[in-house]
file model_23.txt (compact mmCIF, C-alpha atoms)
# COMPACT_ATOMS: atom_id res chain seq x y z
CA MET A 1 129.90 31.58 135.56
CA ASN A 2 130.02 35.26 134.80
CA SER A 3 133.03 37.51 134.74
CA VAL A 4 131.81 40.70 136.42
CA ARG A 5 133.76 43.81 135.46
CA CYS A 6 135.04 45.97 138.31
CA PHE A 7 136.12 49.61 137.96
CA GLY A 8 137.72 52.28 140.10
CA VAL A 9 137.44 51.67 143.81
CA ALA A 10 135.53 48.42 143.12
CA LYS A 11 138.55 47.04 141.29
CA GLU A 12 140.65 47.83 144.36
CA ILE A 13 138.20 46.24 146.80
CA VAL A 14 137.86 43.08 144.70
CA GLY A 15 141.58 43.04 143.96
CA ASP A 16 141.02 42.38 140.26
CA GLN A 17 139.26 43.92 137.27
CA ARG A 18 137.22 40.74 136.77
CA LEU A 19 135.25 38.83 139.40
CA LYS A 20 134.20 35.28 138.55
CA MET A 21 130.82 34.40 140.04
CA GLU A 22 127.55 32.59 139.42
CA ILE A 23 124.82 35.16 138.73
CA GLU A 24 122.17 33.26 136.77
CA GLY A 25 118.68 34.13 138.04
CA LEU A 26 119.81 36.70 140.63
CA SER A 27 118.06 40.04 140.83
CA ILE A 28 120.31 43.10 141.03
CA SER A 29 119.36 43.43 144.73
CA GLU A 30 120.38 39.84 145.39
CA PHE A 31 123.58 40.32 143.41
CA LYS A 32 124.45 43.35 145.53
CA THR A 33 123.78 41.49 148.77
CA LEU A 34 126.06 38.69 147.63
CA ILE A 35 128.81 41.11 146.65
CA GLN A 36 128.63 42.79 150.04
CA GLN A 37 128.88 39.40 151.80
CA LYS A 38 131.96 38.46 149.78
CA PHE A 39 133.58 41.92 150.12
CA PRO A 40 132.35 43.73 153.26
CA GLU A 41 134.46 46.75 152.26
CA PHE A 42 131.74 47.70 149.75
CA ALA A 43 129.78 48.97 152.79
CA THR A 44 132.45 51.67 153.25
CA ILE A 45 131.95 53.29 149.83
CA LYS A 46 129.25 55.74 148.81
CA GLY A 47 127.27 53.06 147.02
CA TYR A 48 127.47 51.70 143.52
CA MET A 49 125.32 50.94 140.51
CA VAL A 50 125.25 47.79 138.45
CA ALA A 51 125.31 48.00 134.66
CA VAL A 52 123.95 45.16 132.57
CA ASN A 53 124.96 45.07 128.93
CA GLN A 54 126.32 48.61 129.30
CA VAL A 55 123.08 50.09 130.64
CA TYR A 56 122.33 51.04 134.26
CA ALA A 57 120.11 48.31 135.77
CA LEU A 58 117.17 48.62 138.16
CA ASP A 59 117.17 46.62 141.42
CA SER A 60 114.44 44.30 140.12
CA GLN A 61 116.24 43.29 136.93
CA VAL A 62 117.18 39.59 136.77
CA LEU A 63 120.63 38.54 135.58
CA SER A 64 121.62 35.76 133.23
CA ASN A 65 125.10 34.34 132.76
CA ASN A 66 125.30 35.77 129.23
CA ASP A 67 124.91 39.33 130.48
CA GLU A 68 127.84 41.73 130.52
CA VAL A 69 127.73 42.81 134.17
CA ALA A 70 129.74 45.66 135.66
CA ILE A 71 130.07 47.21 139.11
CA ILE A 72 129.93 51.01 138.73
CA PRO A 73 131.14 52.91 141.80
CA PRO A 74 130.33 56.65 142.02
CA VAL A 75 131.54 58.16 138.74
CA SER A 76 133.95 61.11 138.81
CA GLY A 77 134.66 62.12 135.22
CA GLY A 78 134.91 65.68 133.98
CA MET B 1 134.56 124.03 116.94
CA ASN B 2 134.37 120.35 117.76
CA SER B 3 134.82 117.44 115.41
CA VAL B 4 132.09 115.00 116.43
CA ARG B 5 132.82 111.37 115.56
CA CYS B 6 130.11 109.49 113.68
CA PHE B 7 129.87 105.70 113.44
CA GLY B 8 127.77 103.10 111.65
CA VAL B 9 124.45 104.41 110.41
CA ALA B 10 125.27 107.87 111.85
CA LYS B 11 128.27 108.10 109.54
CA GLU B 12 125.97 107.34 106.62
CA ILE B 13 123.35 109.91 107.68
CA VAL B 14 125.93 112.63 108.25
CA GLY B 15 127.83 111.62 105.12
CA ASP B 16 131.20 111.75 106.89
CA GLN B 17 132.93 110.21 109.88
CA ARG B 18 133.52 113.66 111.39
CA LEU B 19 130.97 116.44 111.87
CA LYS B 20 132.31 119.94 112.54
CA MET B 21 130.06 121.86 114.90
CA GLU B 22 130.01 124.31 117.79
CA ILE B 23 129.10 122.41 120.98
CA GLU B 24 130.50 124.57 123.81
CA GLY B 25 127.95 124.81 126.66
CA LEU B 26 125.33 122.54 125.08
CA SER B 27 123.74 119.82 127.18
CA ILE B 28 123.52 116.38 125.58
CA SER B 29 119.75 116.95 125.12
CA GLU B 30 120.39 120.22 123.33
CA PHE B 31 123.12 118.62 121.24
CA LYS B 32 120.71 115.87 120.16
CA THR B 33 118.00 118.40 119.23
CA LEU B 34 120.50 120.29 117.12
CA ILE B 35 121.69 117.11 115.39
CA GLN B 36 118.12 116.15 114.57
CA GLN B 37 117.46 119.61 113.10
CA LYS B 38 120.54 119.39 110.89
CA PHE B 39 119.89 115.74 109.88
CA PRO B 40 116.19 114.88 110.15
CA GLU B 41 116.99 111.29 109.11
CA PHE B 42 118.16 110.66 112.70
CA ALA B 43 114.45 110.46 113.56
CA THR B 44 114.22 107.30 111.43
CA ILE B 45 116.76 105.29 113.43
CA LYS B 46 116.19 103.46 116.70
CA GLY B 47 117.85 106.20 118.70
CA TYR B 48 121.44 106.82 119.61
CA MET B 49 123.66 107.58 122.56
CA VAL B 50 126.31 110.23 122.85
CA ALA B 51 129.73 109.36 124.26
CA VAL B 52 131.90 112.06 125.79
CA ASN B 53 135.57 111.23 126.23
CA GLN B 54 134.80 107.59 125.46
CA VAL B 55 132.13 107.24 128.15
CA TYR B 56 128.34 107.14 127.64
CA ALA B 57 126.93 110.55 128.61
CA LEU B 58 123.72 111.43 130.46
CA ASP B 59 121.23 113.91 128.88
CA SER B 60 122.12 116.55 131.46
CA GLN B 61 125.87 116.53 130.87
CA VAL B 62 127.25 119.79 129.44
CA LEU B 63 129.73 119.72 126.56
CA SER B 64 132.89 121.70 126.08
CA ASN B 65 134.83 122.08 122.84
CA ASN B 66 137.75 120.07 124.24
CA ASP B 67 135.59 116.99 124.71
CA GLU B 68 135.90 113.99 122.44
CA VAL B 69 132.27 113.62 121.35
CA ALA B 70 130.85 110.67 119.44
CA ILE B 71 127.43 109.69 118.12
CA ILE B 72 126.78 106.05 119.04
CA PRO B 73 123.90 104.45 117.11
CA PRO B 74 122.51 101.12 118.40
CA VAL B 75 125.51 98.81 118.78
CA SER B 76 125.49 95.41 117.07
CA GLY B 77 128.74 93.66 117.93
CA GLY B 78 129.07 89.99 118.80
CA MET C 1 122.68 67.15 113.70
CA ASN C 2 126.19 65.77 114.31
CA ILE C 3 127.31 64.06 117.47
CA GLU C 4 130.92 63.18 118.14
CA VAL C 5 132.03 61.37 121.30
CA LEU C 6 135.62 60.53 122.03
CA LEU C 7 137.71 58.90 124.75
CA SER C 8 141.39 59.46 124.16
CA LYS C 9 144.71 58.70 125.83
CA GLU C 10 146.22 61.55 123.77
CA LYS C 11 145.94 65.29 124.48
CA LEU C 12 142.54 66.70 123.53
CA SER C 13 142.36 69.39 120.84
CA ILE C 14 140.01 72.34 121.38
CA ASP C 15 140.34 73.25 117.70
CA ARG C 16 139.25 69.81 116.57
CA CYS C 17 136.32 69.81 119.00
CA TYR C 18 135.31 73.32 117.92
CA SER C 19 135.59 72.51 114.21
CA SER C 20 133.36 69.46 114.60
CA VAL C 21 130.35 71.61 115.56
CA VAL C 22 130.83 74.61 113.23
CA ASP C 23 127.86 75.17 110.94
CA GLU C 24 127.07 78.07 108.62
CA ALA C 25 123.55 78.20 110.03
CA CYS C 26 124.72 78.40 113.66
CA GLY C 27 125.81 81.68 115.20
CA GLY C 28 126.65 80.55 118.71
CA ILE C 29 129.09 77.95 119.97
CA CYS C 30 129.64 77.32 123.67
CA LEU C 31 132.62 75.28 124.78
CA PHE C 32 133.40 73.96 128.21
CA VAL C 33 136.97 72.93 128.94
CA GLY C 34 137.69 71.11 132.19
CA THR C 35 141.31 71.16 133.28
CA VAL C 36 143.13 69.46 136.11
CA ARG C 37 143.51 71.70 139.13
CA ASN C 38 146.69 71.67 141.19
CA GLN C 39 144.74 71.30 144.39
CA ASN C 40 141.55 69.79 145.74
CA LYS C 41 140.15 70.35 149.22
CA GLY C 42 143.37 72.00 150.30
CA LYS C 43 145.69 69.21 149.19
CA LEU C 44 148.25 69.52 146.41
CA VAL C 45 147.50 67.30 143.43
CA THR C 46 150.41 66.01 141.34
CA TYR C 47 148.45 64.26 138.55
CA LEU C 48 145.28 62.31 137.80
CA ASP C 49 144.58 58.93 136.30
CA PHE C 50 141.24 58.45 134.51
CA GLU C 51 139.78 54.99 134.07
CA SER C 52 136.71 54.40 131.92
CA TYR C 53 134.30 51.62 131.07
CA GLU C 54 134.85 52.60 127.49
CA PRO C 55 131.93 51.18 125.47
CA MET C 56 129.37 52.17 128.11
CA ALA C 57 130.97 55.60 128.63
CA LEU C 58 130.71 56.32 124.90
CA LYS C 59 127.05 55.21 124.94
CA GLU C 60 126.26 57.44 127.92
CA MET C 61 128.06 60.39 126.31
CA LYS C 62 126.00 59.84 123.17
CA LYS C 63 122.76 59.74 125.18
CA ILE C 64 123.59 63.09 126.74
CA ALA C 65 124.32 64.62 123.35
CA GLU C 66 121.13 63.17 121.89
CA LYS C 67 119.06 64.77 124.62
CA GLY C 68 120.88 68.07 124.08
CA ILE C 69 119.93 68.01 120.42
CA HIS C 70 116.52 66.36 120.27
CA LYS C 71 114.98 67.63 123.52
CA MET C 72 116.89 70.87 124.15
CA GLY C 73 117.36 72.21 120.62
CA ALA C 74 121.12 72.30 120.04
CA ASN C 75 122.36 71.63 116.51
CA HIS C 76 125.67 69.80 116.96
CA ILE C 77 127.45 68.44 120.05
CA SER C 78 130.90 66.97 120.60
CA ILE C 79 132.07 65.49 123.89
CA TYR C 80 135.73 64.53 124.33
CA HIS C 81 137.18 62.98 127.49
CA ARG C 82 140.77 62.13 128.26
CA THR C 83 141.76 58.78 129.81
CA GLY C 84 144.88 57.56 131.57
CA TYR C 85 147.50 59.87 133.05
CA VAL C 86 146.61 63.59 132.95
CA GLY C 87 148.92 66.29 134.33
CA ILE C 88 148.10 69.58 136.07
CA SER C 89 146.46 72.18 133.76
CA ASP C 90 145.95 69.52 131.10
CA ILE C 91 142.52 69.20 129.57
CA ALA C 92 140.37 66.38 131.00
CA VAL C 93 137.17 67.15 129.09
CA ILE C 94 135.94 69.35 126.24
CA ILE C 95 132.31 69.86 125.34
CA ALA C 96 131.32 71.90 122.28
CA VAL C 97 127.72 72.82 121.48
CA SER C 98 126.51 74.85 118.52
CA SER C 99 123.05 76.26 118.03
CA ILE C 100 121.31 78.89 115.96
CA HIS C 101 121.05 81.26 118.93
CA ARG C 102 123.50 81.41 121.80
CA LYS C 103 121.18 80.90 124.77
CA ILE C 104 120.56 77.27 123.87
CA ALA C 105 124.28 76.64 123.30
CA PHE C 106 125.03 77.80 126.86
CA GLU C 107 122.17 75.83 128.43
CA VAL C 108 122.98 72.61 126.60
CA CYS C 109 126.73 72.85 127.21
CA GLN C 110 126.11 73.24 130.93
CA TYR C 111 123.61 70.38 130.87
CA CYS C 112 126.17 68.13 129.12
CA ILE C 113 128.95 68.67 131.66
CA ASP C 114 126.56 68.42 134.63
CA GLN C 115 125.13 65.18 133.25
CA LEU C 116 128.54 63.75 132.29
CA LYS C 117 129.63 64.08 135.90
CA GLU C 118 126.51 62.19 137.03
CA THR C 119 126.18 59.30 134.63
CA VAL C 120 129.22 58.61 132.44
CA PRO C 121 131.27 55.68 133.80
CA ILE C 122 134.63 57.39 134.13
CA TRP C 123 136.64 57.41 137.36
CA LYS C 124 139.28 59.81 138.47
CA LYS C 125 142.13 58.75 140.75
CA GLU C 126 143.85 61.71 142.31
CA PHE C 127 147.57 61.42 143.11
CA LEU C 128 148.69 63.65 145.96
CA GLU C 129 152.14 64.07 147.39
CA ASP C 130 151.37 61.51 150.09
CA GLY C 131 149.10 58.99 148.43
CA SER C 132 146.22 58.51 146.04
CA TYR C 133 142.47 57.91 146.14
CA TRP C 134 139.44 57.45 143.89
CA VAL C 135 137.60 60.77 143.86
CA GLY C 136 134.07 60.70 145.27
CA ALA C 137 134.15 57.00 146.13
CA ARG C 138 134.01 57.24 149.90
CA PRO C 139 131.88 59.43 152.20
CA MET D 1 143.16 88.13 137.78
CA ASN D 2 144.10 88.68 134.13
CA ILE D 3 142.01 90.57 131.63
CA GLU D 4 142.82 90.64 127.93
CA VAL D 5 140.74 92.62 125.44
CA LEU D 6 141.47 92.65 121.74
CA LEU D 7 140.08 94.15 118.55
CA SER D 8 141.69 92.59 115.50
CA LYS D 9 141.44 92.77 111.73
CA GLU D 10 143.08 89.34 111.62
CA LYS D 11 141.44 85.96 112.24
CA LEU D 12 140.82 85.30 115.94
CA SER D 13 142.52 82.31 117.57
CA ILE D 14 140.54 80.18 120.00
CA ASP D 15 143.77 78.60 121.24
CA ARG D 16 145.31 81.96 122.07
CA CYS D 17 142.13 83.11 123.83
CA TYR D 18 141.90 79.82 125.76
CA SER D 19 145.58 79.90 126.75
CA SER D 20 145.26 83.42 128.11
CA VAL D 21 142.85 82.28 130.86
CA VAL D 22 144.39 78.92 131.82
CA ASP D 23 145.36 78.73 135.48
CA GLU D 24 146.49 75.77 137.56
CA ALA D 25 144.01 76.77 140.26
CA CYS D 26 141.03 76.91 137.87
CA GLY D 27 139.17 73.77 136.86
CA GLY D 28 136.53 75.26 134.59
CA ILE D 29 136.84 77.33 131.44
CA CYS D 30 133.82 78.42 129.46
CA LEU D 31 134.30 79.81 125.97
CA PHE D 32 131.75 81.47 123.75
CA VAL D 33 132.51 81.68 120.04
CA GLY D 34 130.24 83.78 117.87
CA THR D 35 130.43 83.03 114.16
CA VAL D 36 128.87 84.69 111.14
CA ARG D 37 125.67 82.98 110.04
CA ASN D 38 124.85 82.55 106.37
CA GLN D 39 121.39 83.95 106.89
CA ASN D 40 119.49 86.42 109.03
CA LYS D 41 115.73 86.84 109.11
CA GLY D 42 115.36 84.63 106.06
CA LYS D 43 117.84 86.53 103.88
CA LEU D 44 121.14 85.12 102.64
CA VAL D 45 124.16 86.91 104.06
CA THR D 46 127.34 87.06 101.97
CA TYR D 47 129.66 88.73 104.52
CA LEU D 48 129.81 91.26 107.34
CA ASP D 49 131.81 94.39 107.97
CA PHE D 50 132.46 95.38 111.60
CA GLU D 51 133.25 98.96 112.50
CA SER D 52 134.35 99.92 116.00
CA TYR D 53 135.03 103.02 118.04
CA GLU D 54 138.23 101.33 119.04
CA PRO D 55 139.47 103.07 122.21
CA MET D 56 135.99 103.22 123.73
CA ALA D 57 135.16 99.65 122.65
CA LEU D 58 138.29 98.38 124.42
CA LYS D 59 137.34 100.35 127.54
CA GLU D 60 133.80 98.94 127.53
CA MET D 61 135.11 95.41 127.00
CA LYS D 62 137.43 95.90 129.94
CA LYS D 63 134.57 97.16 132.13
CA ILE D 64 132.58 94.02 131.37
CA ALA D 65 135.54 91.79 132.24
CA GLU D 66 136.18 93.73 135.45
CA LYS D 67 132.62 93.21 136.59
CA GLY D 68 132.88 89.50 135.68
CA ILE D 69 135.91 89.16 137.91
CA HIS D 70 135.35 91.56 140.80
CA LYS D 71 131.56 91.28 141.19
CA MET D 72 130.81 87.84 139.77
CA GLY D 73 133.83 85.84 140.89
CA ALA D 74 135.57 84.71 137.71
CA ASN D 75 139.37 84.42 137.78
CA HIS D 76 140.50 85.43 134.29
CA ILE D 77 138.61 86.81 131.29
CA SER D 78 139.61 87.45 127.68
CA ILE D 79 137.36 89.13 125.13
CA TYR D 80 138.41 89.20 121.47
CA HIS D 81 136.39 90.86 118.69
CA ARG D 82 137.08 90.91 114.98
CA THR D 83 136.82 94.11 112.94
CA GLY D 84 136.54 94.80 109.22
CA TYR D 85 135.49 92.21 106.68
CA VAL D 86 134.35 88.87 108.17
CA GLY D 87 133.17 85.96 106.01
CA ILE D 88 130.49 83.31 106.64
CA SER D 89 131.41 80.86 109.47
CA ASP D 90 134.34 83.06 110.47
CA ILE D 91 134.68 83.96 114.11
CA ALA D 92 133.39 87.43 115.05
CA VAL D 93 133.88 87.17 118.80
CA ILE D 94 135.53 84.89 121.38
CA ILE D 95 135.04 85.14 125.12
CA ALA D 96 136.99 82.92 127.51
CA VAL D 97 136.30 82.81 131.25
CA SER D 98 138.10 80.68 133.81
CA SER D 99 137.05 80.10 137.39
CA ILE D 100 137.69 77.68 140.20
CA HIS D 101 134.32 76.00 139.71
CA ARG D 102 132.48 75.74 136.44
CA LYS D 103 129.13 77.31 137.35
CA ILE D 104 130.65 80.77 137.63
CA ALA D 105 132.55 80.34 134.35
CA PHE D 106 129.27 79.65 132.52
CA GLU D 107 127.40 82.52 134.20
CA VAL D 108 130.13 85.08 133.61
CA CYS D 109 130.75 84.02 130.00
CA GLN D 110 127.05 84.44 129.23
CA TYR D 111 127.02 87.77 131.04
CA CYS D 112 130.00 88.99 128.99
CA ILE D 113 128.48 88.21 125.60
CA ASP D 114 125.04 89.57 126.61
CA GLN D 115 126.64 92.77 127.87
CA LEU D 116 128.99 93.12 124.90
CA LYS D 117 125.97 93.14 122.61
CA GLU D 118 124.39 95.92 124.70
CA THR D 119 127.19 98.35 125.40
CA VAL D 120 130.36 97.87 123.35
CA PRO D 121 130.54 100.39 120.46
CA ILE D 122 130.91 97.97 117.57
CA TRP D 123 128.63 98.01 114.55
CA LYS D 124 127.88 95.25 112.12
CA LYS D 125 126.99 95.94 108.50
CA GLU D 126 125.38 92.96 106.84
CA PHE D 127 125.94 92.44 103.13
CA LEU D 128 123.15 90.52 101.42
CA GLU D 129 122.87 89.50 97.80
CA ASP D 130 120.80 92.60 97.06
CA GLY D 131 122.20 95.30 99.32
CA SER D 132 123.58 96.05 102.76
CA TYR D 133 122.40 97.59 106.02
CA TRP D 134 123.58 98.39 109.54
CA VAL D 135 122.16 95.69 111.81
CA GLY D 136 119.73 96.90 114.48
CA ALA D 137 119.92 100.55 113.47
CA ARG D 138 116.38 101.01 112.21
CA PRO D 139 113.04 99.88 113.65
call {"tool": "encode", "arguments": {"input": "model_23.txt", "output": "structure tokens"}}
result
Amino acid sequence: MNSVRCFGVAKEIVGDQRLKMEIEGLSISEFKTLIQQKFPEFATIKGYMVAVNQVYALDSQVLSNNDEVAIIPPVSGG
Amino acid sequence: MNSVRCFGVAKEIVGDQRLKMEIEGLSISEFKTLIQQKFPEFATIKGYMVAVNQVYALDSQVLSNNDEVAIIPPVSGG
Amino acid sequence: MNIEVLLSKEKLSIDRCYSSVVDEACGGICLFVGTVRNQNKGKLVTYLDFESYEPMALKEMKKIAEKGIHKMGANHISIYHRTGYVGISDIAVIIAVSSIHRKIAFEVCQYCIDQLKETVPIWKKEFLEDGSYWVGARP
Amino acid sequence: MNIEVLLSKEKLSIDRCYSSVVDEACGGICLFVGTVRNQNKGKLVTYLDFESYEPMALKEMKKIAEKGIHKMGANHISIYHRTGYVGISDIAVIIAVSSIHRKIAFEVCQYCIDQLKETVPIWKKEFLEDGSYWVGARP
């Protein structure tokens, strides 16, 4: 089980800053599909990136349960 | 008689920060020719502007003795 | 070639940020200071709340500064960002860039703030008189 | 639309210059700080001496700021310049520009410093280890 970190609007959609889920072997694309099935509200935001071990991940990257995974909605610093 | 203000390298060439001279009726071009006759070293600098009443003057402008006249060598602020 | 990146719940100091990039060999320092505006898209803003994914945000800020120095030719760069509650007119971000000549300082400072707004995982929640929302999250 | 221009024999304050352009409606402030470098064209500089034609310099600084606001769209502009003796790393000039959006603040700040170096009657005498000269005066 992984504890996916959720920030900003993602934290509000998920209802928590951590989301427990099984991610082992999923590609980022598959992970995103799963997230959108669990929380259809993600379809209403402008999109989001996934960071793995604090680096933006490509869609093809494959996850393991040891990874630090985070949902990164559109950033708005500055 | 006017008391022409001299700054920077012009002050050094003239040897004083004020230069007493008759300017009534001279154009800026004529004024510059006169200055260069009195102080040939002006030919060795990069050029200079003349300000009349604290505004840059055109070559055709005609001076009167009441004007505040200044020799403005290349500026180097900042 | 110094880089300083900072996320802080306390007020940001322009003097500290400036001092961190001063160098006897550098003649030009460009600073950008981003403050909280009292309105956005015609609505009155009362305050902001900044959330960050801190370790990743610091890494992304460092990447920006590294590019500004190694690819774009700046000498020193500091990037400070506030987190948590920030009131109107308070400073949300300060970027200071020094370089030998000023043109590069301007270019790199602008690059840093443009890039920060694109890639650094920091989120701004805007509190209006009648509610709040995450800026830029929804179409 | 505030303009502040200053020539000062005393040390210039970034905080004062910054504060003079802060505005609740403005989100972006760009500052340029010009400091004295310890070398120029390969020679070691020990200090500078700035002379100004004060009333005209203030007028020219004001003209630059007016163009930055009325033609280029900035909200507030302050231009401070030091006069007299200035040591290495000391601040010779500070320009602060605020605007609603940051792009204009950057553009106008760069315009102000570029223009100041072209038109404002201020002269810099550079003191080296082995002499002194008026910068830019001779070919």
call {"tool": "atom_distance", "arguments": {"input": "model_23.txt", "atom1": "atom CA of D:Ser78", "atom2": "atom CA of C:Arg102"}}
result
18.2 Å
call {"tool": "residues_around", "arguments": {"input": "model_23.txt", "residues": "A:Lys38", "least_positions_apart": "2", "cutoff": "12 Å", "atoms": "all atoms listed in the file", "output": "NGL selection string"}}
result
:A and (13-14 or 19-21 or 31-36 or 40-43)
call {"tool": "atom_distance", "arguments": {"input": "model_23.txt", "atom1": "atom CA of C:Gly68", "atom2": "atom CA of C:Ile122"}}
result
20.1 Å
call {"tool": "calpha_fit_and_write", "arguments": {"input": "model_23.txt", "fixed": "chain C", "moving": "chain D", "output": "short mmCIF file (atom, residue, chain, number, x, y, z; two decimals) with C-alpha atoms, in the frame of the given file"}}
result
data_model
loop_
_atom_site.label_atom_id
_atom_site.label_comp_id
_atom_site.auth_asym_id
_atom_site.auth_seq_id
_atom_site.Cartn_x
_atom_site.Cartn_y
_atom_site.Cartn_z
CA MET D 1 122.69 67.15 113.70
CA ASN D 2 126.19 65.77 114.30
CA ILE D 3 127.31 64.06 117.47
CA GLU D 4 130.93 63.16 118.13
CA VAL D 5 132.02 61.37 121.30
CA LEU D 6 135.62 60.53 122.03
CA LEU D 7 137.70 58.90 124.75
CA SER D 8 141.40 59.46 124.15
CA LYS D 9 144.70 58.71 125.82
CA GLU D 10 146.20 61.54 123.78
CA LYS D 11 145.94 65.28 124.46
CA LEU D 12 142.53 66.70 123.53
CA SER D 13 142.35 69.40 120.85
CA ILE D 14 140.02 72.34 121.38
CA ASP D 15 140.34 73.25 117.70
CA ARG D 16 139.25 69.81 116.56
CA CYS D 17 136.32 69.81 119.00
CA TYR D 18 135.30 73.33 117.92
CA SER D 19 135.59 72.50 114.21
CA SER D 20 133.36 69.46 114.60
CA VAL D 21 130.35 71.62 115.57
CA VAL D 22 130.82 74.60 113.22
CA ASP D 23 127.85 75.17 110.94
CA GLU D 24 127.07 78.06 108.62
CA ALA D 25 123.54 78.19 110.04
CA CYS D 26 124.71 78.39 113.67
CA GLY D 27 125.81 81.68 115.20
CA GLY D 28 126.64 80.53 118.72
CA ILE D 29 129.09 77.94 119.97
CA CYS D 30 129.64 77.32 123.65
CA LEU D 31 132.63 75.28 124.76
CA PHE D 32 133.40 73.96 128.20
CA VAL D 33 136.98 72.93 128.94
CA GLY D 34 137.69 71.13 132.18
CA THR D 35 141.32 71.16 133.27
CA VAL D 36 143.14 69.45 136.11
CA ARG D 37 143.52 71.70 139.14
CA ASN D 38 146.71 71.68 141.19
CA GLN D 39 144.75 71.30 144.38
CA ASN D 40 141.56 69.79 145.74
CA LYS D 41 140.15 70.35 149.21
CA GLY D 42 143.36 72.03 150.31
CA LYS D 43 145.68 69.22 149.19
CA LEU D 44 148.25 69.53 146.41
CA VAL D 45 147.50 67.31 143.43
CA THR D 46 150.40 66.01 141.34
CA TYR D 47 148.42 64.27 138.56
CA LEU D 48 145.27 62.31 137.80
CA ASP D 49 144.57 58.93 136.29
CA PHE D 50 141.23 58.45 134.50
CA GLU D 51 139.77 54.99 134.06
CA SER D 52 136.70 54.40 131.92
CA TYR D 53 134.29 51.62 131.07
CA GLU D 54 134.85 52.60 127.48
CA PRO D 55 131.94 51.18 125.47
CA MET D 56 129.37 52.17 128.09
CA ALA D 57 130.98 55.59 128.64
CA LEU D 58 130.71 56.32 124.91
CA LYS D 59 127.06 55.22 124.94
CA GLU D 60 126.26 57.44 127.93
CA MET D 61 128.06 60.39 126.32
CA LYS D 62 126.02 59.84 123.19
CA LYS D 63 122.77 59.73 125.20
CA ILE D 64 123.59 63.09 126.75
CA ALA D 65 124.33 64.63 123.35
CA GLU D 66 121.13 63.17 121.89
CA LYS D 67 119.05 64.75 124.62
CA GLY D 68 120.89 68.06 124.09
CA ILE D 69 119.94 68.01 120.43
CA HIS D 70 116.52 66.36 120.27
CA LYS D 71 115.00 67.64 123.53
CA MET D 72 116.90 70.86 124.15
CA GLY D 73 117.37 72.21 120.64
CA ALA D 74 121.12 72.30 120.05
CA ASN D 75 122.37 71.64 116.51
CA HIS D 76 125.67 69.80 116.96
CA ILE D 77 127.44 68.44 120.05
CA SER D 78 130.90 66.96 120.60
CA ILE D 79 132.07 65.49 123.89
CA TYR D 80 135.73 64.53 124.32
CA HIS D 81 137.18 62.98 127.49
CA ARG D 82 140.78 62.13 128.26
CA THR D 83 141.75 58.79 129.81
CA GLY D 84 144.88 57.57 131.58
CA TYR D 85 147.50 59.87 133.04
CA VAL D 86 146.60 63.59 132.95
CA GLY D 87 148.91 66.29 134.33
CA ILE D 88 148.12 69.59 136.08
CA SER D 89 146.45 72.18 133.76
CA ASP D 90 145.95 69.52 131.09
CA ILE D 91 142.52 69.20 129.57
CA ALA D 92 140.38 66.38 130.99
CA VAL D 93 137.18 67.15 129.10
CA ILE D 94 135.94 69.35 126.24
CA ILE D 95 132.31 69.87 125.32
CA ALA D 96 131.33 71.91 122.27
CA VAL D 97 127.72 72.82 121.48
CA SER D 98 126.51 74.84 118.51
CA SER D 99 123.05 76.27 118.03
CA ILE D 100 121.30 78.90 115.97
CA HIS D 101 121.06 81.26 118.94
CA ARG D 102 123.51 81.41 121.80
CA LYS D 103 121.19 80.90 124.78
CA ILE D 104 120.57 77.28 123.88
CA ALA D 105 124.28 76.65 123.31
CA PHE D 106 125.05 77.81 126.86
CA GLU D 107 122.19 75.83 128.43
CA VAL D 108 122.98 72.61 126.61
CA CYS D 109 126.74 72.85 127.21
CA GLN D 110 126.12 73.24 130.94
CA TYR D 111 123.63 70.39 130.86
CA CYS D 112 126.17 68.13 129.13
CA ILE D 113 128.96 68.67 131.65
CA ASP D 114 126.57 68.41 134.64
CA GLN D 115 125.15 65.18 133.26
CA LEU D 116 128.54 63.74 132.29
CA LYS D 117 129.63 64.09 135.90
CA GLU D 118 126.51 62.19 137.04
CA THR D 119 126.19 59.30 134.65
CA VAL D 120 129.21 58.61 132.44
CA PRO D 121 131.28 55.67 133.80
CA ILE D 122 134.63 57.39 134.12
CA TRP D 123 136.63 57.40 137.34
CA LYS D 124 139.29 59.81 138.46
CA LYS D 125 142.12 58.75 140.74
CA GLU D 126 143.85 61.71 142.32
CA PHE D 127 147.55 61.43 143.11
CA LEU D 128 148.67 63.67 145.96
CA GLU D 129 152.13 64.09 147.40
CA ASP D 130 151.35 61.53 150.10
CA GLY D 131 149.08 58.99 148.44
CA SER D 132 146.21 58.52 146.02
CA TYR D 133 142.47 57.91 146.14
CA TRP D 134 139.45 57.45 143.88
CA VAL D 135 137.59 60.77 143.86
CA GLY D 136 134.06 60.68 145.28
CA ALA D 137 134.13 56.98 146.12
CA ARG D 138 134.00 57.21 149.89
CA PRO D 139 131.88 59.37 152.20
#
call {"tool": "interface_residues", "arguments": {"input": "model_23.txt", "of": "chain D", "to": "chain C", "cutoff": "8 Å", "atoms": "all atoms listed in the file", "output": "PyMOL selection string"}}
result
chain D and resi 14-15+22-39+88-89+106+110
call {"tool": "closest_residue", "arguments": {"input": "model_23.txt", "among": "C:Met1, C:Leu116, C:Leu128, C:Met61", "to": "chain A", "atoms": "all atoms listed in the file"}}
result
C:Leu116
call {"tool": "axis_aligned_box", "arguments": {"input": "model_23.txt", "around": "stretch 47-65 of chain B", "padding_each_side": "4 Å", "output": "AutoDock Vina command-line options"}}
result
--center_x 126.7 --center_y 114.1 --center_z 125.1 --size_x 25.7 --size_y 23.9 --size_z 20.8
